[in-house]
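*Asks:* Below is the file input16.tsv, which contains TSV, C-alpha atoms.
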chain	number	residue	atom	x	y	z
C	1	MET	CA	-1.45	6.22	-20.27
C	2	ALA	CA	-0.45	9.84	-20.74
C	3	PRO	CA	0.58	10.91	-24.25
C	4	GLY	CA	4.33	10.82	-24.75
C	5	ILE	CA	5.13	8.73	-21.65
C	6	ALA	CA	6.08	5.17	-22.54
C	7	LEU	CA	6.21	2.57	-19.82
C	8	GLY	CA	9.82	1.86	-20.65
C	9	GLN	CA	10.86	5.49	-20.38
C	10	ASP	CA	13.01	6.20	-17.33
C	11	ARG	CA	14.00	9.81	-16.72
C	12	GLY	CA	17.39	10.19	-15.12
C	13	MET	CA	17.10	13.83	-14.05
C	14	GLU	CA	14.95	13.51	-10.93
C	15	LYS	CA	16.28	14.28	-7.48
C	16	PRO	CA	17.05	11.18	-5.39
C	17	GLN	CA	14.62	10.23	-2.67
C	18	PRO	CA	15.35	11.15	0.95
C	19	ARG	CA	16.80	8.55	3.29
C	20	ILE	CA	13.49	8.30	5.16
C	21	ILE	CA	10.66	7.73	2.70
C	22	VAL	CA	7.00	8.75	2.95
C	23	ILE	CA	4.70	6.17	1.38
C	24	ALA	CA	1.23	7.40	0.41
C	25	HIS	CA	-1.01	4.59	1.65
C	26	ARG	CA	-3.40	3.99	-1.28
C	27	GLY	CA	-2.62	7.59	-2.18
C	28	ALA	CA	-3.82	10.46	0.01
C	29	SER	CA	-6.60	8.16	1.18
C	30	GLY	CA	-7.39	10.30	4.21
C	31	GLU	CA	-8.70	12.99	1.85
C	32	ARG	CA	-9.77	11.25	-1.37
C	33	PRO	CA	-11.25	7.83	-2.25
C	34	GLU	CA	-8.34	5.38	-2.19
C	35	HIS	CA	-6.54	3.95	-5.23
C	36	THR	CA	-7.78	6.65	-7.63
C	37	LEU	CA	-6.10	9.32	-9.71
C	38	LEU	CA	-7.64	11.79	-7.25
C	39	SER	CA	-5.89	10.11	-4.33
C	40	TYR	CA	-2.55	9.38	-5.97
C	41	GLY	CA	-2.42	12.81	-7.59
C	42	LEU	CA	-3.01	14.61	-4.30
C	43	ALA	CA	-0.39	12.45	-2.58
C	44	ILE	CA	2.18	13.45	-5.17
C	45	GLU	CA	1.28	17.13	-4.79
C	46	GLN	CA	1.74	16.73	-1.03
C	47	GLY	CA	5.28	15.45	-1.50
C	48	ALA	CA	4.97	11.68	-1.11
C	49	ASP	CA	7.99	9.69	-2.24
C	50	PHE	CA	5.97	6.57	-3.14
C	51	ILE	CA	2.37	5.85	-4.09
C	52	GLU	CA	1.02	2.49	-3.02
C	53	PRO	CA	-1.28	0.43	-5.24
C	54	ASP	CA	-2.76	-2.79	-3.86
C	55	LEU	CA	-2.94	-5.10	-6.86
C	56	VAL	CA	-5.59	-7.68	-7.80
C	57	PRO	CA	-6.23	-9.29	-11.21
C	58	THR	CA	-9.26	-9.06	-13.45
C	59	LYS	CA	-10.90	-12.01	-15.19
C	60	ASP	CA	-8.73	-11.30	-18.23
C	61	GLY	CA	-5.55	-11.11	-16.17
C	62	VAL	CA	-4.99	-7.36	-15.90
C	63	LEU	CA	-3.61	-6.03	-12.61
C	64	VAL	CA	-5.77	-3.26	-11.17
C	65	ALA	CA	-5.45	-1.08	-8.07
C	66	ARG	CA	-8.04	-2.02	-5.45
C	67	HIS	CA	-7.70	-2.57	-1.71
C	68	GLU	CA	-9.37	-5.96	-2.10
C	69	ASN	CA	-10.72	-8.08	-4.92
C	70	ASN	CA	-14.12	-7.64	-3.23
C	71	ILE	CA	-15.15	-4.27	-4.69
C	72	THR	CA	-18.55	-3.98	-3.02
C	73	ASP	CA	-17.52	-1.15	-0.69
C	74	THR	CA	-15.10	0.68	-2.98
C	75	THR	CA	-17.15	0.98	-6.19
C	76	ASP	CA	-20.73	1.57	-7.32
C	77	VAL	CA	-21.03	-2.01	-8.65
C	78	ALA	CA	-24.17	-2.65	-6.55
C	79	ARG	CA	-25.93	0.10	-8.53
C	80	HIS	CA	-25.29	-1.63	-11.86
C	81	PRO	CA	-28.24	-3.96	-12.57
C	82	GLU	CA	-26.33	-5.57	-15.44
C	83	PHE	CA	-23.91	-7.01	-12.87
C	84	ALA	CA	-26.45	-8.19	-10.29
C	85	GLY	CA	-25.86	-11.80	-11.29
C	86	ARG	CA	-22.13	-11.52	-10.55
C	87	LYS	CA	-22.71	-11.26	-6.80
C	88	ALA	CA	-21.07	-14.26	-5.16
C	89	THR	CA	-19.94	-15.77	-1.87
C	90	LYS	CA	-16.32	-16.91	-1.70
C	91	THR	CA	-13.82	-18.04	0.90
C	92	ILE	CA	-10.58	-16.08	0.61
C	93	ASP	CA	-7.72	-16.72	3.00
C	94	GLY	CA	-10.14	-18.54	5.30
C	95	GLU	CA	-12.71	-15.73	5.40
C	96	LYS	CA	-16.17	-16.11	3.89
C	97	LEU	CA	-17.10	-13.00	1.89
C	98	THR	CA	-20.15	-11.98	-0.14
C	99	GLY	CA	-19.97	-9.33	-2.82
C	100	TRP	CA	-18.59	-8.61	-6.26
C	101	PHE	CA	-15.01	-9.67	-7.08
C	102	THR	CA	-12.54	-8.34	-9.64
C	103	GLU	CA	-11.71	-11.81	-10.95
C	104	ASP	CA	-15.29	-12.13	-12.22
C	105	PHE	CA	-15.04	-8.98	-14.39
C	106	THR	CA	-13.05	-8.08	-17.46
C	107	LEU	CA	-11.10	-4.84	-17.40
C	108	ALA	CA	-13.57	-3.30	-19.84
C	109	GLU	CA	-16.42	-4.10	-17.45
C	110	LEU	CA	-14.56	-2.73	-14.43
C	111	LYS	CA	-13.89	0.50	-16.32
C	112	THR	CA	-17.67	1.13	-16.40
C	113	LEU	CA	-17.68	1.33	-12.59
C	114	ARG	CA	-16.79	4.35	-10.47
C	115	ALA	CA	-14.88	4.49	-7.20
C	116	ARG	CA	-16.45	5.29	-3.84
C	117	GLU	CA	-15.07	6.14	-0.41
C	118	ARG	CA	-14.43	2.91	1.51
C	119	LEU	CA	-14.90	4.47	4.99
C	120	PRO	CA	-17.78	6.94	4.59
C	121	GLN	CA	-18.63	6.99	8.29
C	122	VAL	CA	-15.04	7.79	9.24
C	123	ARG	CA	-14.29	10.12	6.33
C	124	PRO	CA	-17.61	11.62	5.22
C	125	GLY	CA	-15.87	14.50	3.44
C	126	ASN	CA	-14.39	12.05	0.95
C	127	THR	CA	-17.84	11.01	-0.26
C	128	GLN	CA	-18.12	14.25	-2.26
C	129	TYR	CA	-15.70	12.60	-4.71
C	130	ASP	CA	-17.76	9.42	-5.11
C	131	GLY	CA	-18.39	8.62	-8.74
C	132	GLN	CA	-15.59	10.82	-10.09
C	133	ALA	CA	-12.86	8.24	-10.67
C	134	GLN	CA	-12.37	4.98	-12.54
C	135	ILE	CA	-10.56	1.85	-11.41
C	136	LEU	CA	-6.91	2.16	-12.44
C	137	THR	CA	-4.68	-0.45	-14.01
C	138	PHE	CA	-1.14	-0.93	-12.74
C	139	ASP	CA	0.04	0.37	-16.13
C	140	GLU	CA	-1.80	3.63	-15.42
C	141	VAL	CA	-0.26	3.92	-11.94
C	142	ILE	CA	3.24	3.42	-13.37
C	143	ALA	CA	2.58	5.99	-16.09
C	144	LEU	CA	1.39	8.48	-13.49
C	145	ALA	CA	4.53	8.02	-11.38
C	146	LYS	CA	6.77	8.49	-14.42
C	147	ARG	CA	4.85	11.48	-15.73
C	148	GLU	CA	4.84	13.22	-12.35
C	149	SER	CA	8.52	12.46	-11.76
C	150	ALA	CA	9.28	14.26	-15.02
C	151	ARG	CA	6.96	17.16	-14.16
C	152	THR	CA	8.08	17.72	-10.56
C	153	GLY	CA	11.77	16.82	-10.83
C	154	ARG	CA	11.32	14.39	-7.93
C	155	THR	CA	11.66	10.64	-8.12
C	156	ILE	CA	8.20	9.28	-7.39
C	157	GLY	CA	8.15	5.55	-6.89
C	158	VAL	CA	5.54	2.82	-6.73
C	159	TYR	CA	5.10	0.42	-3.82
C	160	PRO	CA	2.72	-2.33	-5.01
C	161	GLU	CA	1.24	-4.94	-2.70
C	162	THR	CA	0.31	-8.37	-4.01
C	163	LYS	CA	-3.08	-9.10	-2.45
C	164	HIS	CA	-4.03	-12.73	-1.73
C	165	PRO	CA	-1.40	-14.18	-4.08
C	166	SER	CA	-1.93	-17.83	-3.09
C	167	TYR	CA	-5.70	-17.47	-3.56
C	168	PHE	CA	-5.26	-16.02	-7.04
C	169	ALA	CA	-2.78	-18.74	-7.94
C	170	SER	CA	-5.36	-21.33	-6.85
C	171	ILE	CA	-7.93	-19.99	-9.35
C	172	GLY	CA	-5.49	-19.76	-12.24
C	173	LEU	CA	-4.64	-16.05	-11.96
C	174	PRO	CA	-1.14	-15.93	-10.44
C	175	VAL	CA	0.10	-12.38	-10.06
C	176	GLU	CA	3.89	-12.67	-9.83
C	177	GLN	CA	4.81	-12.91	-13.53
C	178	ARG	CA	2.25	-10.27	-14.46
C	179	LEU	CA	3.72	-7.88	-11.90
C	180	VAL	CA	7.34	-8.52	-12.89
C	181	ASP	CA	6.54	-8.12	-16.58
C	182	LYS	CA	4.99	-4.70	-15.98
C	183	LEU	CA	7.97	-3.55	-13.92
C	184	LYS	CA	10.44	-4.75	-16.54
C	185	ALA	CA	8.46	-2.96	-19.25
C	186	ALA	CA	8.83	0.19	-17.15
C	187	GLY	CA	12.60	-0.28	-16.99
C	188	TRP	CA	12.44	-1.24	-13.33
C	189	ASP	CA	14.35	-4.44	-12.63
C	190	ARG	CA	17.13	-3.08	-10.45
C	191	ALA	CA	17.75	-3.00	-6.74
C	192	ASP	CA	17.88	0.80	-6.94
C	193	ALA	CA	14.69	1.14	-8.99
C	194	PRO	CA	12.02	3.34	-7.36
C	195	VAL	CA	9.98	0.26	-6.48
C	196	PHE	CA	9.26	-1.96	-3.50
C	197	ILE	CA	7.05	-5.06	-3.75
C	198	GLN	CA	5.26	-5.98	-0.54
C	199	SER	CA	3.20	-8.94	0.62
C	200	PHE	CA	1.75	-10.43	3.78
C	201	GLU	CA	2.52	-13.86	2.36
C	202	VAL	CA	5.96	-15.48	2.26
C	203	ASN	CA	6.11	-17.93	-0.61
C	204	ASN	CA	5.27	-15.39	-3.28
C	205	LEU	CA	8.05	-13.10	-2.03
C	206	ARG	CA	10.45	-16.04	-2.15
C	207	LYS	CA	9.28	-16.71	-5.72
C	208	LEU	CA	9.67	-13.05	-6.67
C	209	LYS	CA	13.21	-13.11	-5.27
C	210	GLY	CA	14.17	-15.32	-8.21
C	211	MET	CA	12.25	-13.27	-10.77
C	212	THR	CA	13.27	-9.65	-10.15
C	213	HIS	CA	16.01	-7.50	-8.63
C	214	VAL	CA	13.43	-5.09	-7.20
C	215	ARG	CA	13.45	-4.76	-3.41
C	216	LEU	CA	10.97	-6.92	-1.49
C	217	ILE	CA	9.18	-6.09	1.77
C	218	GLN	CA	7.70	-8.67	4.12
C	219	LEU	CA	4.53	-7.27	5.63
C	220	MET	CA	3.59	-8.30	9.16
C	221	ALA	CA	0.67	-7.79	11.50
C	222	GLY	CA	0.24	-7.68	15.25
C	223	ASP	CA	-1.56	-11.03	15.26
C	224	GLY	CA	-2.13	-14.00	12.99
C	225	GLY	CA	0.25	-15.27	10.35
C	226	PRO	CA	0.76	-15.54	6.60
C	227	ALA	CA	-2.24	-16.87	4.67
C	228	ASP	CA	0.03	-19.29	2.83
C	229	HIS	CA	1.06	-20.84	6.20
C	230	ALA	CA	4.72	-20.64	5.21
C	231	GLU	CA	5.51	-19.49	8.76
C	232	PRO	CA	3.56	-20.20	11.97
C	233	SER	CA	2.90	-16.57	12.93
C	234	TYR	CA	4.00	-12.99	12.42
C	235	ALA	CA	5.07	-12.98	16.08
C	236	ALA	CA	7.57	-15.75	15.32
C	237	MET	CA	8.75	-13.95	12.19
C	238	SER	CA	9.42	-10.76	14.16
C	239	THR	CA	11.82	-12.38	16.66
C	240	PRO	CA	15.56	-11.90	16.10
C	241	GLU	CA	15.84	-15.42	14.66
C	242	GLY	CA	12.72	-14.99	12.55
C	243	LEU	CA	14.05	-11.72	11.13
C	244	LYS	CA	17.27	-13.44	10.05
C	245	THR	CA	15.14	-15.84	8.00
C	246	VAL	CA	13.17	-12.96	6.46
C	247	ALA	CA	16.46	-11.28	5.52
C	248	GLN	CA	17.29	-14.23	3.27
C	249	TYR	CA	14.70	-13.06	0.73
C	250	ALA	CA	13.51	-9.57	1.73
C	251	TYR	CA	15.06	-6.12	1.82
C	252	GLY	CA	12.90	-5.01	4.71
C	253	ILE	CA	9.76	-5.48	6.77
C	254	GLY	CA	6.47	-3.61	6.95
C	255	PRO	CA	5.21	-4.16	10.49
C	256	GLU	CA	1.96	-2.95	11.99
C	257	LEU	CA	2.47	0.12	14.19
C	258	THR	CA	1.53	-1.79	17.34
C	259	GLN	CA	4.43	-4.19	16.79
C	260	ILE	CA	6.76	-1.24	17.39
C	261	LEU	CA	4.65	0.79	19.84
C	262	PRO	CA	1.95	-1.22	21.62
C	263	ASN	CA	-1.22	0.61	22.59
C	264	SER	CA	-0.05	0.24	26.17
C	265	GLY	CA	3.51	0.05	27.37
C	266	GLU	CA	6.87	1.03	25.97
C	267	PRO	CA	8.32	0.57	22.48
C	268	THR	CA	9.54	-2.87	21.52
C	269	THR	CA	12.97	-3.72	20.14
C	270	LEU	CA	11.63	-4.64	16.68
C	271	VAL	CA	13.30	-1.75	14.84
C	272	THR	CA	16.75	-2.43	16.30
C	273	ASP	CA	16.31	-6.19	15.89
C	274	ALA	CA	15.37	-5.74	12.22
C	275	HIS	CA	18.32	-3.44	11.60
C	276	ALA	CA	20.61	-5.97	13.25
C	277	ALA	CA	19.35	-8.53	10.72
C	278	GLY	CA	20.10	-6.11	7.87
C	279	LEU	CA	16.45	-5.23	7.22
C	280	LYS	CA	14.86	-1.83	6.64
C	281	VAL	CA	11.65	-0.99	8.52
C	282	HIS	CA	8.56	0.64	6.93
C	283	PRO	CA	5.65	0.45	9.41
C	284	TRP	CA	1.96	0.90	8.57
C	285	THR	CA	-0.28	2.95	8.82
C	286	PHE	CA	-0.33	6.46	10.29
C	287	ARG	CA	-3.87	7.87	10.22
C	288	ALA	CA	-4.91	11.20	11.70
C	289	GLU	CA	-8.24	10.17	13.21
C	290	ASN	CA	-8.18	9.44	16.95
C	291	PHE	CA	-9.96	6.16	16.25
C	292	PHE	CA	-6.74	4.87	14.65
C	293	LEU	CA	-4.10	6.64	16.74
C	294	ASN	CA	-2.15	5.15	19.60
C	295	PRO	CA	-3.99	6.23	22.81
C	296	LYS	CA	-0.97	8.34	23.80
C	297	PHE	CA	-1.64	10.68	20.86
C	298	ARG	CA	-5.43	11.01	20.89
C	299	ALA	CA	-7.21	14.33	21.46
C	300	GLY	CA	-10.96	14.76	21.04
C	301	THR	CA	-13.68	12.50	19.69
C	302	PRO	CA	-12.87	9.28	17.80
C	303	LEU	CA	-13.32	10.87	14.36
C	304	GLU	CA	-11.48	14.11	15.12
C	305	HIS	CA	-7.80	14.40	14.28
C	306	GLY	CA	-5.31	13.81	17.07
C	307	HIS	CA	-1.57	14.32	17.30
C	308	ILE	CA	-0.47	12.24	14.32
C	309	ALA	CA	2.67	14.32	13.69
C	310	GLU	CA	3.86	13.60	17.23
C	311	GLU	CA	3.20	9.89	16.75
C	312	ILE	CA	5.22	9.88	13.52
C	313	ALA	CA	8.03	11.82	15.24
C	314	LEU	CA	8.31	9.14	17.92
C	315	PHE	CA	8.65	6.39	15.34
C	316	LEU	CA	11.28	8.41	13.50
C	317	LYS	CA	13.25	8.71	16.75
C	318	LEU	CA	12.99	4.94	17.09
C	319	GLY	CA	14.79	4.63	13.76
C	320	VAL	CA	12.24	3.62	11.11
C	321	ASP	CA	13.44	3.99	7.52
C	322	GLY	CA	10.09	5.01	6.03
C	323	PHE	CA	6.39	4.77	6.80
C	324	PHE	CA	2.92	4.47	5.33
C	325	THR	CA	0.37	7.21	5.94
C	326	ASP	CA	-3.11	8.14	4.72
C	327	PHE	CA	-2.12	11.82	5.12
C	328	PRO	CA	1.10	12.31	3.13
C	329	TYR	CA	1.40	16.06	3.76
C	330	ILE	CA	1.56	15.46	7.52
C	331	GLY	CA	4.06	12.67	6.99
C	332	VAL	CA	6.28	14.84	4.79
C	333	GLN	CA	6.18	17.72	7.28
C	334	ALA	CA	7.02	15.42	10.20
C	335	ARG	CA	9.83	13.70	8.28
C	336	ASP	CA	11.35	16.95	7.06
C	337	ALA	CA	11.23	18.48	10.55
C	338	PHE	CA	12.97	15.41	11.95
C	339	LEU	CA	15.70	15.46	9.31
C	340	ALA	CA	16.23	19.21	9.77
C	341	ALA	CA	16.60	18.99	13.54
C	342	PRO	CA	20.12	19.20	14.99
C	343	ALA	CA	21.71	15.79	15.54
C	344	ARG	CA	21.11	14.55	19.05
Hey, can you dump this file as C-alpha cells for me?

*Replies:*
Amino acid sequence: MAPGIALGQDRGMEKPQPRIIVIAHRGASGERPEHTLLSYGLAIEQGADFIEPDLVPTKDGVLVARHENNITDTTDVARHPEFAGRKATKTIDGEKLTGWFTEDFTLAELKTLRARERLPQVRPGNTQYDGQAQILTFDEVIALAKRESARTGRTIGVYPETKHPSYFASIGLPVEQRLVDKLKAAGWDRADAPVFIQSFEVNNLRKLKGMTHVRLIQLMAGDGGPADHAEPSYAAMSTPEGLKTVAQYAYGIGPELTQILPNSGEPTTLVTDAHAAGLKVHPWTFRAENFFLNPKFRAGTPLEHGHIAEEIALFLKLGVDGFFTDFPYIGVQARDAFLAAPAR
C-alpha cells in the first residue's frame, strides 16, 4: 500500500466518470503482462475508467489478482525448485488441469514469484517485462486506484471478477465475504461507488446481492452456461425472459462480443433487450490483434493489428454502456470520438 493512502480513504474531488466507461481488461494487457502494476499503471495513464482484477484466494485466504488460480503460465513458478512438489492435477469447473494453484501457496510464498506474459506467441513484445512484477493483492489494487484517483483528478474504479467461486467454496475458501470486507474497508458499499463485481456464476452474485450495495454484473459467454448450474445456459439467460430474471439481482450484463455481433451475420437484439429489462451492457473483450477481431474488421496477418477502433465504434452505435479492452488508449479514443460526434 502506498504511504499516506488508507484503504478507507475516499477522495471526493475527482471528476465523475463518463456515461460510457472504458474498462481496462486485466490492465493494459495488450502491452504489459496482465494483472501487474505495470499493466494497471499503464491503463490508468491511457485514461481507463476502471481497472479489472480477476480475484482468486491464497492458501491463507488473501485475495490476489490472477487470471486463474492456475499460475503456471502467468508466473515463473516452474523455475522455483522449492515449489516443484506443489505441482498438482485438479478438476475445476469440470476441466482437468495440471499446474501450480494459488490455493496451495501462502501470500508470502506467492510474493517470491514474478509475473510473466500469458500469451507470449501472440504478444512477444510483452515478454520484455517478464520477471519485473510481483503478484498483487486486492488491497494493493484498491490502493492503486485510490492513489491514482487523487493524483490524476479522475475517478478510477475497480471492476473485480470472482473466479470459480463455487469451486473455492467447495474447498473452504469462499470469496464473497472476503471481497465485501475489502470493499467496505475502502469505503465502497454504495450503489454509486466506483466498483462493479462481476461473475460468470449466478449463485454467488445472488449471495452478494444480500451482502453489498455495490453494482453486480452477470457475465455471459457465447456458449455453455454457469459453472454452478444455476441456469441451463447463457443462451437462455440472454433471452428477453432470461434477462428479466438476471435483472432481479444484477445491475447489468457482461456478454461476449459475439453475442452482440456474431462473426457472421448482423447484430443481435441483445443490447436493446437488456436495456428493456433495465440492465446495462458491458461486453468483453476488444483486442487489437486480427486473431481476436470480428472478421469484418481484420486487416493483415493474424497477429497484426486490425481495425479495432472501428469495431468499438460499431458497438457504441449499438448502444453499449461500457466495454472491456486490452488496449485502453484505443478504447478511450474511440469512446471520446463517439461522444464528441454530433447527435444523429

*Asks:* Using all atoms listed in the file, pick whichever of C:Asp73, C:Ala133, C:Ala150, C:Glu161 has the shortest atom-to-atom distance to C:Pro53.

*Replies:* C:Glu161

*Asks:* Tell me, in Å to one decimal, how far atom CA of C:Ala78 is from atom CA of C:His164.

*Replies:* 23.0 Å

*Asks:* Taking all atoms listed in the file into account, name the residue in C:Gly94, C:Pro295, C:Gly125, C:Pro120 that is nearest to C:Leu261.

*Replies:*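 Checking each candidate against C:Leu261, we get C:Pro295 as the closest.
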
*Asks:* Of the candidates C:Gln134, C:Thr325, C:Ser199, C:Thr98, which one gets nearest to C:Asp49 if we count all atoms listed in the file?

*Replies:*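 Smallest separation from C:Asp49 among the options: C:Thr325.
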
*Asks:* Extract, using all atoms listed in the file, all DNA, RNA and protein residues at most 9 Å from C:Phe292, discarding same-chain residues fewer than 5 positions from it, and format them as number ranges by chain.

*Replies:* C: 285-287, 298, 302-303

*Asks:* Please compute the atom CA of C:Ile217-atom CA of C:Lys90 distance, one decimal, in Å.

*Replies:*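 Spanning atom CA of C:Ile217 to atom CA of C:Lys90 is a straight-line distance of 27.9 Å.
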
*Asks:* My list of candidates is C:Phe50, C:Phe327, C:Phe297, C:Phe200. Which is closest to C:Pro165 when distances are computed with all atoms listed in the file?

*Replies:*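 Closest to C:Pro165 of all the choices is C:Phe200.
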
*Asks:* Quick one: contact table of stretch 97-207 of chain C to stretch 28-34 of chain C, 12 Å max, nearest atom pair and distance in Å to one decimal per residue, counting all atoms listed in the file, chain and number order, as a tab-separated table?

*Replies:*
residue	atom	partner	partner_atom	distance
C:Arg114	CA	C:Pro33	CA	10.5
C:Ala115	CA	C:Pro33	CA	7.0
C:Arg116	CA	C:Pro33	CA	6.0
C:Glu117	CA	C:Pro33	CA	4.6
C:Arg118	CA	C:Pro33	CA	7.0
C:Leu119	CA	C:Pro33	CA	8.8
C:Pro120	CA	C:Pro33	CA	9.5
C:Val122	CA	C:Gly30	CA	9.5
C:Arg123	CA	C:Gly30	CA	7.2
C:Pro124	CA	C:Glu31	CA	9.6
C:Gly125	CA	C:Glu31	CA	7.5
C:Asn126	CA	C:Arg32	CA	5.2
C:Thr127	CA	C:Pro33	CA	7.6
C:Gln128	CA	C:Arg32	CA	8.9
C:Tyr129	CA	C:Arg32	CA	6.9
C:Asp130	CA	C:Pro33	CA	7.3
C:Gly131	CA	C:Pro33	CA	9.7
C:Gln132	CA	C:Pro33	CA	9.4
C:Ala133	CA	C:Pro33	CA	8.6
C:Gln134	CA	C:Pro33	CA	10.7
C:Ile135	CA	C:Glu34	CA	10.1
C:Leu136	CA	C:Glu34	CA	10.8

*Asks:* Kindly indicate which residue among C:Thr102, C:Thr272, C:Asn70, C:Gln46 lies nearest to C:Ile156, using only C-alpha atoms for the distances.

*Replies:*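 Using only C-alpha atoms, the shortest distance to C:Ile156 belongs to C:Gln46.
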
*Asks:* Interatomic distance between atom CA of C:Glu176 and atom CA of C:Asp228?

*Replies:*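 For atom CA of C:Glu176 relative to atom CA of C:Asp228, the distance reads 14.8 Å.
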
*Asks:* Using all atoms listed in the file, find the one residue out of C:Arg151, C:Arg206, C:Lys163, C:Arg66 that sits nearest to C:Thr245.

*Replies:*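 Going through C:Arg151, C:Arg206, C:Lys163, C:Arg66 one by one, the smallest distance to C:Thr245 is for C:Arg206.
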
*Asks:* What lies within 8 Å of C:Ala235 using all atoms listed in the file, ignoring chain neighbours under 3 positions off, as a PyMOL selection string?

*Replies:* chain C and resi 222-225+238-239
